[in-house]
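Chemist: Just so it is clear, I am handing over run-v2.txt, which has compact mmCIF, C-alpha atoms.
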# COMPACT_ATOMS: atom_id res chain seq x y z
CA MET A 1 17.75 6.47 -49.35
CA HIS A 2 20.11 6.80 -46.40
CA ARG A 3 17.50 8.80 -44.47
CA ARG A 4 14.90 6.06 -45.05
CA LEU A 5 17.25 3.35 -43.83
CA CYS A 6 18.07 5.35 -40.67
CA LEU A 7 14.38 5.84 -39.94
CA MET A 8 13.70 2.11 -40.34
CA ALA A 9 16.57 1.27 -38.01
CA PHE A 10 15.29 3.75 -35.43
CA MET A 11 11.84 2.16 -35.48
CA ILE A 12 13.35 -1.27 -35.04
CA LEU A 13 15.39 -0.09 -32.05
CA LEU A 14 12.24 1.27 -30.47
CA GLY A 15 10.98 -2.28 -30.45
CA GLY A 16 8.06 -1.77 -32.77
CA ARG A 17 5.69 -0.53 -30.03
CA ALA A 18 2.86 1.72 -31.14
CA TRP A 19 -0.29 3.21 -29.67
CA SER A 20 -3.42 1.12 -30.13
CA ASP A 21 -7.09 1.24 -29.17
CA PHE A 22 -8.40 -0.31 -25.98
CA ASN A 23 -7.99 -4.09 -26.14
CA VAL A 24 -10.25 -5.77 -23.58
CA ALA A 25 -8.02 -8.86 -23.52
CA ARG A 26 -5.21 -6.88 -21.86
CA TRP A 27 -7.16 -5.81 -18.77
CA GLU A 28 -7.44 -8.34 -15.96
CA ARG A 29 -10.39 -6.94 -13.98
CA TYR A 30 -13.26 -4.50 -14.12
CA SER A 31 -15.88 -3.04 -11.79
CA PRO A 32 -19.37 -2.25 -13.07
CA ILE A 33 -20.42 1.40 -12.70
CA LYS A 34 -23.97 1.45 -11.39
CA SER A 35 -26.33 4.22 -12.51
CA PRO A 36 -29.49 5.16 -10.58
CA PRO A 37 -32.73 4.62 -12.55
CA GLY A 38 -33.53 7.54 -14.83
CA ALA A 39 -30.17 9.25 -14.24
CA SER A 40 -29.73 12.24 -16.53
CA ALA A 41 -26.70 14.52 -16.68
CA LYS A 42 -23.91 15.54 -19.02
CA TYR A 43 -21.27 14.19 -16.67
CA ALA A 44 -20.92 11.56 -13.99
CA GLN A 45 -18.42 10.73 -11.31
CA VAL A 46 -17.68 7.63 -9.28
CA THR A 47 -15.49 7.17 -6.18
CA LEU A 48 -12.86 4.43 -6.33
CA ASN A 49 -12.88 1.54 -3.85
CA ASN A 50 -10.42 -0.99 -2.41
CA ASP A 51 -10.98 -3.41 -5.30
CA VAL A 52 -9.64 -0.80 -7.71
CA TYR A 53 -6.76 0.30 -5.45
CA SER A 54 -5.56 -3.27 -4.92
CA GLY A 55 -6.08 -4.47 -8.50
CA SER A 56 -4.71 -1.54 -10.48
CA ARG A 57 -1.21 -0.45 -11.36
CA ALA A 58 0.66 1.89 -9.02
CA GLY A 59 -0.40 5.43 -9.80
CA LEU A 60 -3.72 4.23 -11.28
CA SER A 61 -2.36 4.67 -14.81
CA ASP A 62 -4.31 1.65 -16.10
CA LEU A 63 -7.84 2.91 -15.40
CA ARG A 64 -10.12 2.86 -18.44
CA VAL A 65 -13.82 3.73 -18.62
CA ILE A 66 -15.59 1.66 -21.28
CA SER A 67 -19.21 2.08 -22.39
CA ASN A 68 -21.55 -0.77 -23.29
CA ASP A 69 -20.76 -0.28 -27.00
CA GLY A 70 -17.09 -1.07 -26.29
CA LYS A 71 -15.83 2.47 -26.77
CA GLU A 72 -13.25 4.08 -24.51
CA VAL A 73 -14.65 7.08 -22.62
CA ALA A 74 -12.35 9.98 -21.73
CA TYR A 75 -12.13 10.76 -18.03
CA LYS A 76 -10.46 13.02 -15.49
CA LEU A 77 -8.99 11.49 -12.31
CA LEU A 78 -9.73 13.75 -9.34
CA VAL A 79 -7.78 13.53 -6.08
CA ASP A 80 -9.41 15.42 -3.22
CA GLN A 81 -6.21 16.61 -1.54
CA GLY A 82 -7.68 19.97 -0.58
CA GLU A 83 -6.03 23.28 -1.32
CA VAL A 84 -4.23 25.94 0.67
CA ALA A 85 -3.75 29.44 -0.74
CA ASP A 86 -1.63 31.95 1.18
CA THR A 87 -1.52 35.70 0.61
CA ALA A 88 1.62 37.06 2.25
CA TYR A 89 1.95 40.65 3.47
CA GLN A 90 5.14 42.66 3.61
CA ALA A 91 5.05 43.62 7.28
CA ASP A 92 7.66 45.75 9.04
CA ILE A 93 8.72 44.54 12.49
CA GLN A 94 8.51 47.29 15.09
CA ASP A 95 8.76 47.76 18.84
CA LYS A 96 10.74 44.67 19.74
CA SER A 97 10.77 44.47 23.52
CA THR A 98 11.22 42.09 26.44
CA VAL A 99 9.54 41.98 29.85
CA PRO A 100 12.11 39.99 31.92
CA GLY A 101 10.74 36.74 33.29
CA LYS A 102 7.49 37.10 31.31
CA TYR A 103 7.50 37.62 27.55
CA ASN A 104 9.16 39.21 24.56
CA SER A 105 7.00 40.91 21.94
CA PHE A 106 7.04 42.70 18.60
CA VAL A 107 4.57 44.51 16.34
CA LEU A 108 3.95 43.87 12.65
CA ASP A 109 2.74 46.82 10.56
CA LEU A 110 0.73 45.79 7.48
CA GLY A 111 0.76 49.37 6.17
CA LYS A 112 -2.98 50.08 6.23
CA PRO A 113 -6.14 48.76 7.90
CA GLY A 114 -8.56 46.55 6.00
CA ALA A 115 -6.17 43.82 4.85
CA LEU A 116 -7.49 40.47 6.11
CA SER A 117 -5.01 38.26 7.93
CA ASN A 118 -5.26 35.07 10.00
CA ARG A 119 -1.77 33.61 10.46
CA VAL A 120 1.68 34.64 11.65
CA GLU A 121 4.80 32.64 10.82
CA ILE A 122 7.68 33.35 13.21
CA GLN A 123 11.21 32.84 11.93
CA THR A 124 13.62 31.83 14.69
CA SER A 125 17.00 30.14 14.90
CA GLY A 126 16.09 28.79 18.34
CA ALA A 127 15.93 25.05 19.00
CA ASN A 128 14.37 22.79 21.64
CA PHE A 129 11.79 25.21 22.96
CA THR A 130 8.09 25.38 23.77
CA ARG A 131 6.36 28.75 24.05
CA LYS A 132 2.84 30.01 24.49
CA VAL A 133 1.93 32.79 22.04
CA GLU A 134 -0.64 35.60 22.24
CA ILE A 135 -1.80 37.46 19.11
CA ASP A 136 -3.36 40.95 19.43
CA GLY A 137 -4.70 43.33 16.78
CA GLY A 138 -5.15 47.11 16.60
CA ASN A 139 -5.34 50.07 14.22
CA ASP A 140 -3.36 52.62 16.26
CA ALA A 141 -0.65 50.46 17.93
CA VAL A 142 -1.98 51.70 21.29
CA ASN A 143 -5.30 49.98 21.86
CA TRP A 144 -5.24 46.22 21.37
CA ALA A 145 -7.85 43.51 20.97
CA VAL A 146 -6.91 39.93 21.83
CA LEU A 147 -7.24 37.71 18.76
CA ARG A 148 -5.83 34.58 20.36
CA ASP A 149 -4.25 33.92 23.74
CA ASP A 150 -3.66 30.15 23.60
CA GLY A 151 -1.41 29.72 20.58
CA TYR A 152 1.88 27.85 20.85
CA ILE A 153 5.10 27.29 18.97
CA PHE A 154 7.68 24.57 19.56
CA ASP A 155 10.84 22.87 18.33
CA PHE A 156 11.98 19.41 19.43
CA SER A 157 15.28 18.19 18.01
CA ARG A 158 16.24 14.65 18.90
CA ASP A 159 16.83 11.87 16.38
CA TYR A 160 14.19 13.71 14.38
CA THR A 161 12.85 17.28 14.39
CA ALA A 162 9.29 18.27 15.21
CA ARG A 163 8.77 21.97 14.69
CA SER A 164 5.89 24.43 14.39
CA THR A 165 6.35 28.21 14.51
CA SER A 166 3.05 29.23 12.92
CA VAL A 167 0.05 30.58 14.87
CA THR A 168 -3.41 31.02 13.38
CA TYR A 169 -6.16 33.34 14.57
CA PRO A 170 -9.65 34.38 13.36
CA ASP A 171 -9.82 36.59 10.26
CA ALA A 172 -8.87 40.14 11.26
CA SER A 173 -8.57 43.43 9.34
CA TYR A 174 -6.30 45.33 11.76
CA ARG A 175 -3.31 47.26 10.49
CA TYR A 176 -1.09 46.23 13.41
CA ILE A 177 -0.55 42.67 14.68
CA ARG A 178 1.23 42.30 18.02
CA VAL A 179 2.89 39.00 18.93
CA LYS A 180 3.68 38.10 22.55
CA ILE A 181 5.91 35.07 23.18
CA TRP A 182 5.62 33.97 26.81
CA ASN A 183 8.87 32.68 28.30
CA TYR A 184 7.90 31.88 31.91
CA GLY A 185 11.36 32.57 33.26
CA GLU A 186 13.28 30.94 30.39
CA LYS A 187 15.62 32.74 28.05
CA PRO A 188 13.68 34.45 25.20
CA ILE A 189 14.01 32.73 21.84
CA PRO A 190 15.56 34.86 19.07
CA VAL A 191 13.10 36.35 16.59
CA ASP A 192 14.79 36.56 13.18
CA GLY A 193 11.70 37.67 11.30
CA ALA A 194 7.97 37.16 10.87
CA THR A 195 5.44 37.00 8.04
CA VAL A 196 1.72 37.69 8.15
CA TYR A 197 -0.62 35.69 5.91
CA ARG A 198 -4.22 35.41 4.89
CA ARG A 199 -4.75 31.68 4.43
CA LYS A 200 -7.69 30.21 2.55
CA VAL A 201 -8.15 26.50 3.10
CA GLN A 202 -10.24 24.11 1.06
CA PRO A 203 -10.33 20.99 3.26
CA ALA A 204 -9.21 17.66 1.86
CA ARG A 205 -11.80 14.95 1.46
CA GLU A 206 -10.43 11.88 3.13
CA GLU A 207 -11.50 8.28 3.48
CA VAL A 208 -10.77 6.09 6.48
CA PHE A 209 -8.84 2.98 5.45
CA PHE A 210 -8.27 1.67 8.95
CA GLN A 211 -9.44 2.45 12.47
CA GLY A 212 -8.48 0.39 15.47
CA LEU A 213 -5.43 -0.95 17.29
CA GLY A 214 -3.90 -3.68 15.16
CA THR A 215 -1.33 -6.04 16.65
CA ILE A 216 0.84 -4.47 19.38
CA VAL A 217 4.30 -5.79 20.31
CA GLN A 218 6.76 -4.24 22.77
CA ASN A 219 10.12 -4.48 21.02
CA SER A 220 12.84 -4.52 23.69
CA GLU A 221 15.66 -4.70 21.13
CA GLU A 222 14.53 -1.54 19.34
CA LYS A 223 13.19 0.07 22.53
CA SER A 224 9.94 0.66 20.71
CA THR A 225 6.26 -0.15 20.52
CA ASP A 226 5.55 -1.87 17.18
CA ILE A 227 1.95 -1.87 15.91
CA THR A 228 1.01 -3.77 12.72
CA LEU A 229 -2.07 -2.63 10.83
CA ASP A 230 -3.92 -4.61 8.15
CA LEU A 231 -5.61 -2.24 5.68
CA GLY A 232 -7.41 -5.15 4.02
CA ALA A 233 -6.01 -4.52 0.54
CA SER A 234 -2.87 -3.24 -1.11
CA GLY A 235 -2.82 -0.03 -3.09
CA SER A 236 -4.64 2.16 -0.57
CA PRO A 237 -3.59 5.81 -1.16
CA VAL A 238 -2.66 6.58 2.45
CA SER A 239 -2.07 10.25 3.28
CA ARG A 240 -1.69 10.34 7.09
CA LEU A 241 -2.01 8.41 10.34
CA VAL A 242 -3.49 9.75 13.57
CA ILE A 243 -2.21 8.04 16.73
CA ALA A 244 -4.41 8.62 19.78
CA SER A 245 -3.15 8.13 23.34
CA PRO A 246 -4.68 8.96 26.73
CA ASP A 247 -1.21 9.75 28.12
CA THR A 248 0.32 13.21 28.44
CA ASN A 249 3.74 14.84 28.52
CA TYR A 250 5.47 12.72 25.90
CA ASN A 251 7.39 13.34 22.69
CA ARG A 252 8.05 10.29 20.52
CA GLN A 253 9.56 9.56 17.14
CA VAL A 254 7.37 7.46 14.81
CA GLU A 255 8.67 5.33 11.93
CA ILE A 256 6.27 3.72 9.45
CA ALA A 257 7.14 0.79 7.18
CA GLY A 258 5.04 -1.07 4.62
CA SER A 259 4.72 -4.67 3.44
CA ASN A 260 2.43 -6.90 1.40
CA ASP A 261 3.45 -10.16 3.11
CA ARG A 262 4.44 -9.06 6.67
CA LYS A 263 7.92 -10.47 6.02
CA GLU A 264 9.75 -7.93 3.89
CA TRP A 265 9.32 -4.35 5.13
CA SER A 266 10.16 -1.10 3.35
CA ASP A 267 10.52 2.30 5.00
CA VAL A 268 7.65 4.59 4.04
CA CYS A 269 7.75 7.73 6.20
CA SER A 270 8.52 9.08 9.65
CA GLY A 271 7.46 11.88 11.95
CA GLY A 272 6.73 12.70 15.55
CA ILE A 273 3.84 12.75 17.99
CA LEU A 274 3.68 14.73 21.22
CA LYS A 275 1.30 15.87 23.91
CA TYR A 276 2.12 18.41 26.64
CA ASP A 277 -0.17 19.58 29.40
CA THR A 278 1.80 21.73 31.83
CA PRO A 279 1.17 25.12 33.42
CA GLN A 280 3.63 26.74 31.02
CA PHE A 281 2.78 24.90 27.81
CA LYS A 282 -0.14 22.98 26.37
CA GLY A 283 0.06 21.47 22.91
CA ALA A 284 -0.39 18.24 20.99
CA GLU A 285 0.43 16.68 17.64
CA SER A 286 -0.96 13.21 16.90
CA SER A 287 -0.86 13.18 13.09
CA VAL A 288 1.95 11.81 10.91
CA SER A 289 1.86 12.74 7.23
CA CYS A 290 2.60 9.73 5.10
CA GLN A 291 2.34 8.69 1.45
CA GLY A 292 1.60 5.04 2.18
CA GLY A 293 3.28 3.46 -0.85
CA GLY A 294 0.33 1.18 -1.65
CA TYR A 295 1.07 -1.51 0.94
CA ARG A 296 -1.56 -3.69 2.59
CA TYR A 297 0.26 -3.80 5.94
CA LEU A 298 1.74 -0.87 7.83
CA ARG A 299 4.08 -1.20 10.80
CA VAL A 300 3.96 1.79 13.13
CA ARG A 301 7.10 1.90 15.29
CA ILE A 302 6.96 4.33 18.23
CA ARG A 303 10.43 4.92 19.67
CA ASN A 304 10.32 4.89 23.48
CA TYR A 305 14.08 4.88 24.13
CA ASP A 306 14.38 4.64 27.93
CA ASP A 307 10.89 5.92 28.74
CA GLN A 308 7.88 3.77 29.50
CA PRO A 309 5.78 2.98 26.40
CA ILE A 310 2.85 5.30 25.86
CA ARG A 311 -0.59 3.73 25.69
CA VAL A 312 -2.16 3.78 22.25
CA SER A 313 -5.96 3.82 22.27
CA LYS A 314 -6.59 4.01 18.51
CA ILE A 315 -4.87 4.51 15.17
CA THR A 316 -6.79 5.96 12.24
CA VAL A 317 -5.37 5.72 8.72
CA TYR A 318 -6.65 8.30 6.23
CA GLY A 319 -6.29 8.60 2.47
CA PHE A 320 -7.37 11.17 -0.08
CA ARG A 321 -10.56 10.30 -1.92
CA HIS A 322 -10.07 9.49 -5.62
CA ARG A 323 -12.88 10.02 -8.14
CA VAL A 324 -13.30 9.43 -11.87
CA PHE A 325 -15.19 12.18 -13.75
CA PHE A 326 -16.43 11.42 -17.28
CA PRO A 327 -19.10 12.35 -19.90
CA PHE A 328 -22.35 10.51 -19.25
CA LYS A 329 -25.24 9.42 -21.46
CA GLY A 330 -28.54 8.39 -19.91
CA GLY A 331 -29.38 4.77 -20.58
CA ALA A 332 -25.79 3.78 -21.29
CA THR A 333 -23.88 1.41 -19.03
CA TYR A 334 -20.21 1.66 -18.12
CA ARG A 335 -17.40 -0.44 -16.73
CA LEU A 336 -14.15 0.66 -15.09
CA TYR A 337 -11.32 -1.60 -16.27
CA TYR A 338 -7.99 -1.96 -14.41
CA GLY A 339 -5.17 -4.44 -13.97
CA ASN A 340 -2.85 -3.92 -16.94
CA ALA A 341 0.83 -3.78 -15.96
CA GLU A 342 1.80 -2.31 -19.34
CA ALA A 343 -0.80 0.48 -19.52
CA GLN A 344 0.34 4.10 -19.48
CA SER A 345 -1.68 7.04 -18.16
CA PRO A 346 -4.07 8.17 -20.90
CA VAL A 347 -4.06 11.77 -22.16
CA TYR A 348 -7.53 13.13 -22.90
CA ASP A 349 -8.86 16.57 -23.86
CA ILE A 350 -11.00 16.52 -20.72
CA GLY A 351 -7.80 16.92 -18.72
CA GLU A 352 -7.59 20.50 -20.02
CA THR A 353 -11.29 21.32 -20.42
CA PHE A 354 -12.21 20.16 -16.91
CA LYS A 355 -11.32 23.55 -15.41
CA TYR A 356 -14.15 25.08 -17.45
CA LEU A 357 -16.73 22.59 -16.17
CA ALA A 358 -17.02 23.92 -12.62
CA SER A 359 -20.72 24.73 -13.09
CA GLU A 360 -21.56 21.18 -14.17
CA LYS A 361 -23.22 18.98 -11.54
CA PRO A 362 -22.26 15.37 -12.26
CA VAL A 363 -24.56 12.51 -11.35
CA GLN A 364 -23.10 10.42 -8.54
CA LEU A 365 -22.64 6.80 -9.57
CA ALA A 366 -21.66 3.77 -7.50
CA LEU A 367 -18.83 1.37 -8.21
CA GLY A 368 -19.65 -2.32 -7.92
CA PRO A 369 -17.30 -5.03 -6.64
CA GLY A 370 -14.40 -6.09 -8.82
CA VAL A 371 -14.97 -8.86 -11.37
CA LYS A 372 -12.40 -11.00 -13.19
CA ASN A 373 -12.44 -10.16 -16.90
CA ALA A 374 -13.36 -13.36 -18.78
CA SER A 375 -11.73 -11.98 -21.93
CA PHE A 376 -8.37 -11.40 -20.26
CA VAL A 377 -5.43 -13.16 -21.88
CA LYS A 378 -2.29 -13.31 -19.79
CA PRO A 379 0.58 -11.91 -21.89
CA ILE A 380 3.30 -14.39 -22.79
CA GLY A 381 6.55 -12.47 -22.91
CA THR A 382 5.91 -8.78 -23.26
CA LYS A 383 9.52 -7.93 -24.06
CA THR A 384 10.63 -7.15 -27.61
CA TRP A 385 13.34 -9.18 -29.31
CA PHE A 386 15.86 -6.40 -28.62
CA GLU A 387 14.87 -6.35 -24.93
CA GLU A 388 15.37 -10.10 -24.73
CA ASN A 389 18.79 -9.73 -26.41
CA PRO A 390 20.22 -6.40 -25.21
CA TRP A 391 23.75 -7.32 -26.38
CA ILE A 392 22.54 -7.02 -29.99
CA LEU A 393 21.91 -3.31 -29.47
CA TRP A 394 25.49 -2.74 -28.35
CA VAL A 395 26.79 -4.67 -31.36
CA VAL A 396 24.65 -2.56 -33.70
CA LEU A 397 25.79 0.67 -32.05
CA LEU A 398 29.46 -0.39 -32.17
CA GLY A 399 29.08 -1.32 -35.81
CA ALA A 400 27.51 2.06 -36.57
CA VAL A 401 30.42 3.85 -34.85
CA VAL A 402 32.98 1.81 -36.81
CA LEU A 403 31.14 2.45 -40.09
CA LEU A 404 30.96 6.17 -39.36
CA GLY A 405 34.68 6.20 -38.60
CA LEU A 406 35.51 4.44 -41.88
CA LEU A 407 33.40 6.95 -43.82
CA VAL A 408 35.22 9.85 -42.16
CA VAL A 409 38.64 8.34 -42.94
CA ARG A 410 37.60 7.63 -46.53
CA SER A 411 36.43 11.21 -46.92
CA ILE A 412 39.74 12.58 -45.59
CA ILE A 413 41.77 10.37 -47.94
CA ALA A 414 39.62 11.34 -50.91
CA THR A 415 40.15 15.00 -50.10
CA LYS A 416 43.95 14.61 -49.96
CA GLU A 417 44.09 12.68 -53.27
CA SER A 418 41.95 15.19 -55.17
CA PRO A 419 44.01 17.41 -57.52
CA PRO A 420 44.22 21.04 -56.53
CA PRO A 421 41.82 23.33 -58.34
CA THR A 422 43.28 24.97 -61.44
CA ALA A 423 43.25 28.69 -61.79
Mind turning this structure into structure tokens?
Modeler:
Amino acid sequence: MHRRLCLMAFMILLGGRAWSDFNVARWERYSPIKSPPGASAKYAQVTLNNDVYSGSRAGLSDLRVISNDGKEVAYKLLVDQGEVADTAYQADIQDKSTVPGKYNSFVLDLGKPGALSNRVEIQTSGANFTRKVEIDGGNDAVNWAVLRDDGYIFDFSRDYTARSTSVTYPDASYRYIRVKIWNYGEKPIPVDGATVYRRKVQPAREEVFFQGLGTIVQNSEEKSTDITLDLGASGSPVSRLVIASPDTNYNRQVEIAGSNDRKEWSDVCSGGILKYDTPQFKGAESSVSCQGGGYRYLRVRIRNYDDQPIRVSKITVYGFRHRVFFPFKGGATYRLYYGNAEAQSPVYDIGETFKYLASEKPVQLALGPGVKNASFVKPIGTKTWFEENPWILWVVLLGAVVLLGLLVVRSIIATKESPPPTA
């Protein structure tokens, strides 16, 4: 009896919420999924558009695929972020040497020929440096073939740090990798270690959400160039910005903020851009990695400090492509519903079985423009009675503690008053 009462109380405290089937009245919008005539395949996929990004919940947890018979169709959300797989080699560092005024070098021994490599990561405690790097390969540590002679590493530490100490080169199967770091009269940077990798890259599939200049303002108070971009819709899954400039020999901090009304701004990400073209060093970085936060407007602030502003010729905003993959029946029609602030991410079997469907070739479907759901009913107060009256919960909990305490005291008293057991 006591167990049953406790269970009932627990369910009440949970607020009475339970899982239920798809209810069309709870979804505010949908986009029709258009099938080509005569389409036939076991599976289909459709790429999301701005209507979905701007109308759905953050994280896209409210997406639902519904067939023309009103049934919910399981799906797998795919995000084309690309993939990088590194195979690291245990390489001994040998023959560290320095040619004064020119370069310092070292040799990495992979142990045997035939192991494919294409990247060296140099560990150094040095700061504020730029160096040209040459990578050579050989099987006897005597005769060398140049694999790359225009690599570079750098570290810029100001109010932010921009750093790259990795150099790539074409796939090579040499046992020995020699690294030359050209100093051009400067003090050699310390080499604390190095790792050789074979990197396999599956490129990300990106969409362009903005390309142009936006609105440019020279901000004298912040000593910055402020550029406001309108992505056209909120919710865009931004992954990076590329800032192009015809200027050279600059190194600038970039701060990116987001807004949906151009009044209230929230910090999103930061990074650095640079471009050097000198006899001793040539290198550039124009990309800033950024998870855009789903804002319609982005403010790109380029810190100039006491330098002249750099000219910006174009800004391109990229985002990873999102696709919905689901079982498909020829002749059936489908809709993608979204716009439910209470919806949680669904859990389907296809989430686990998808990895075994690599050989399947899904039919490519198109997503139509967003449509307001005529069946949508705006919820009136989605909070439970306990959520509306949180003080009740504390009263119940306090009462439970008091009751438990009384039961403990009563038990102690009963134990003391009990006659001792007779022999």
Chemist: Using all atoms listed in the file, which protein or nucleic acid residues come within 6 Å of A:Phe210? Drop anything in the same chain fewer than 5 positions from it, and give the result as JSON, numbers by chain.
Modeler: {"A": [231, 316, 317]}
Chemist: Counting only C-alpha atoms, which of A:Ala88, A:Leu78, A:Leu298, A:Leu110 gets nearest to A:Ile315?
Modeler: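 Closest residue, counting only C-alpha atoms: A:Leu298.
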Chemist: Mind checking which residues fall within 12 Å of A:Arg240, counting all atoms listed in the file, ignoring those fewer than 6 positions away in the same chain, and posting them as an NGL selection string?
Modeler: :A and (81 or 204 or 206-210 or 256 or 268-271 or 286-293 or 298 or 300 or 315-320)
Chemist: Export, as a CSV table (one decimal), keeping the file's coordinate frame, the selected residues with C-alpha atoms.
Modeler:
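Written file, again15.csv:
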chain,number,residue,atom,x,y,z
A,81,GLN,CA,-6.2,16.6,-1.5
A,204,ALA,CA,-9.2,17.7,1.9
A,206,GLU,CA,-10.4,11.9,3.1
A,207,GLU,CA,-11.5,8.3,3.5
A,208,VAL,CA,-10.8,6.1,6.5
A,209,PHE,CA,-8.8,3.0,5.4
A,210,PHE,CA,-8.3,1.7,9.0
A,256,ILE,CA,6.3,3.7,9.4
A,268,VAL,CA,7.6,4.6,4.0
A,269,CYS,CA,7.8,7.7,6.2
A,270,SER,CA,8.5,9.1,9.6
A,271,GLY,CA,7.5,11.9,12.0
A,286,SER,CA,-1.0,13.2,16.9
A,287,SER,CA,-0.9,13.2,13.1
A,288,VAL,CA,2.0,11.8,10.9
A,289,SER,CA,1.9,12.7,7.2
A,290,CYS,CA,2.6,9.7,5.1
A,291,GLN,CA,2.3,8.7,1.4
A,292,GLY,CA,1.6,5.0,2.2
A,293,GLY,CA,3.3,3.5,-0.8
A,298,LEU,CA,1.7,-0.9,7.8
A,300,VAL,CA,4.0,1.8,13.1
A,315,ILE,CA,-4.9,4.5,15.2
A,316,THR,CA,-6.8,6.0,12.2
A,317,VAL,CA,-5.4,5.7,8.7
A,318,TYR,CA,-6.6,8.3,6.2
A,319,GLY,CA,-6.3,8.6,2.5
A,320,PHE,CA,-7.4,11.2,-0.1
Chemist: Using all atoms listed in the file, find the one residue out of A:Glu285, A:Lys200, A:Ala44, A:Leu63 that sits nearest to A:Trp27.
Modeler: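 Under the stated criterion, the closest residue is A:Leu63.
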Chemist: Find the residues around A:Ala25 up to 8 Å (only C-alpha atoms counted), leave out those fewer than 6 positions away in its own chain, and share them as a list in words.
Modeler: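 My list of contacting residues is Ser375, Phe376 and Val377 of chain A.
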Chemist: Please determine the residues with any atom at most 12 Å from (13.8, 32.0, 32.1) (coordinates as given in the file, with only C-alpha atoms counting) and report them as a count of residues only.
Modeler: 18
Chemist: Between A:Tyr75, A:Tyr295, A:Phe154, A:Tyr30, which residue has the minimum interatomic distance to A:Pro346, considering all atoms listed in the file?
Modeler: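 Closest candidate: A:Tyr75.
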Chemist: Separation of atom CA of A:Arg323 and atom CA of A:Thr47, in Å?
Modeler: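 Pair atom CA of A:Arg323 / atom CA of A:Thr47 returns 4.3 Å.
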Chemist: So which residues touch A:Thr161 within 10 Å, counting only C-alpha atoms, skipping near sequence neighbours fewer than 5 positions away, as a list in words?
Modeler: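 Once the adjacent positions are removed, what remains is Ala127, Asn128, Asp155, Phe156, Gln253, Gly271 and Gly272 of chain A.
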Chemist: Those residues you just picked out, can you put them in a file as a JSON list (two decimals), in the frame of the given file with C-alpha atoms?
Modeler:
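Saved result, selection-v3.json, follows:
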[["chain", "number", "residue", "atom", "x", "y", "z"],
["A", 127, "ALA", "CA", 15.93, 25.05, 19.00],
["A", 128, "ASN", "CA", 14.37, 22.79, 21.64],
["A", 155, "ASP", "CA", 10.84, 22.87, 18.33],
["A", 156, "PHE", "CA", 11.98, 19.41, 19.43],
["A", 253, "GLN", "CA", 9.56, 9.56, 17.14],
["A", 271, "GLY", "CA", 7.46, 11.88, 11.95],
["A", 272, "GLY", "CA", 6.73, 12.70, 15.55]]
Chemist: Residues within 8 Å of A:Ala366, please, as an MDAnalysis selection string. Count only C-alpha atoms; anything in the same chain fewer than 4 positions from it doesn't count.
Modeler: chainID A and resid 33:35 46:47
Chemist: Can I get the selection written as a PDB file, keeping the file's coordinate frame, with C-alpha atoms?
Modeler:
ATOM      1  CA  ILE A  33     -20.420   1.400 -12.700  1.00  0.00           C
ATOM      2  CA  LYS A  34     -23.970   1.450 -11.390  1.00  0.00           C
ATOM      3  CA  SER A  35     -26.330   4.220 -12.510  1.00  0.00           C
ATOM      4  CA  VAL A  46     -17.680   7.630  -9.280  1.00  0.00           C
ATOM      5  CA  THR A  47     -15.490   7.170  -6.180  1.00  0.00           C
TER       6      THR A  47
END
Chemist: Of the candidates A:Val107, A:Val324, A:Ala374, A:Leu397, which one gets nearest to A:Pro362 if we count all atoms listed in the file?
Modeler: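 Of A:Val107, A:Val324, A:Ala374, A:Leu397, the one nearest A:Pro362 is A:Val324, counting all atoms listed in the file.
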Chemist: As a CSV table (one decimal), keeping the file's coordinate frame, could you write out stretch 108-116 of chain A once it has been completed with N, CA and C atoms?
Modeler:
chain,number,residue,atom,x,y,z
A,108,LEU,N,3.9,44.0,14.1
A,108,LEU,CA,4.0,43.9,12.6
A,108,LEU,C,3.0,44.9,12.0
A,109,ASP,N,3.5,45.8,11.2
A,109,ASP,CA,2.7,46.8,10.6
A,109,ASP,C,2.4,46.4,9.1
A,110,LEU,N,1.1,46.2,8.8
A,110,LEU,CA,0.7,45.8,7.5
A,110,LEU,C,0.6,47.0,6.5
A,111,GLY,N,0.8,48.2,7.0
A,111,GLY,CA,0.8,49.4,6.2
A,111,GLY,C,-0.5,50.1,6.1
A,112,LYS,N,-1.7,49.4,6.2
A,112,LYS,CA,-3.0,50.1,6.2
A,112,LYS,C,-4.0,49.1,6.8
A,113,PRO,N,-5.1,49.6,7.4
A,113,PRO,CA,-6.1,48.8,7.9
A,113,PRO,C,-7.0,48.2,6.7
A,114,GLY,N,-7.7,47.1,7.0
A,114,GLY,CA,-8.6,46.6,6.0
A,114,GLY,C,-8.0,45.3,5.3
A,115,ALA,N,-6.7,45.0,5.5
A,115,ALA,CA,-6.2,43.8,4.8
A,115,ALA,C,-6.4,42.6,5.8
A,116,LEU,N,-7.2,41.6,5.3
A,116,LEU,CA,-7.5,40.5,6.1
A,116,LEU,C,-6.3,39.6,6.3
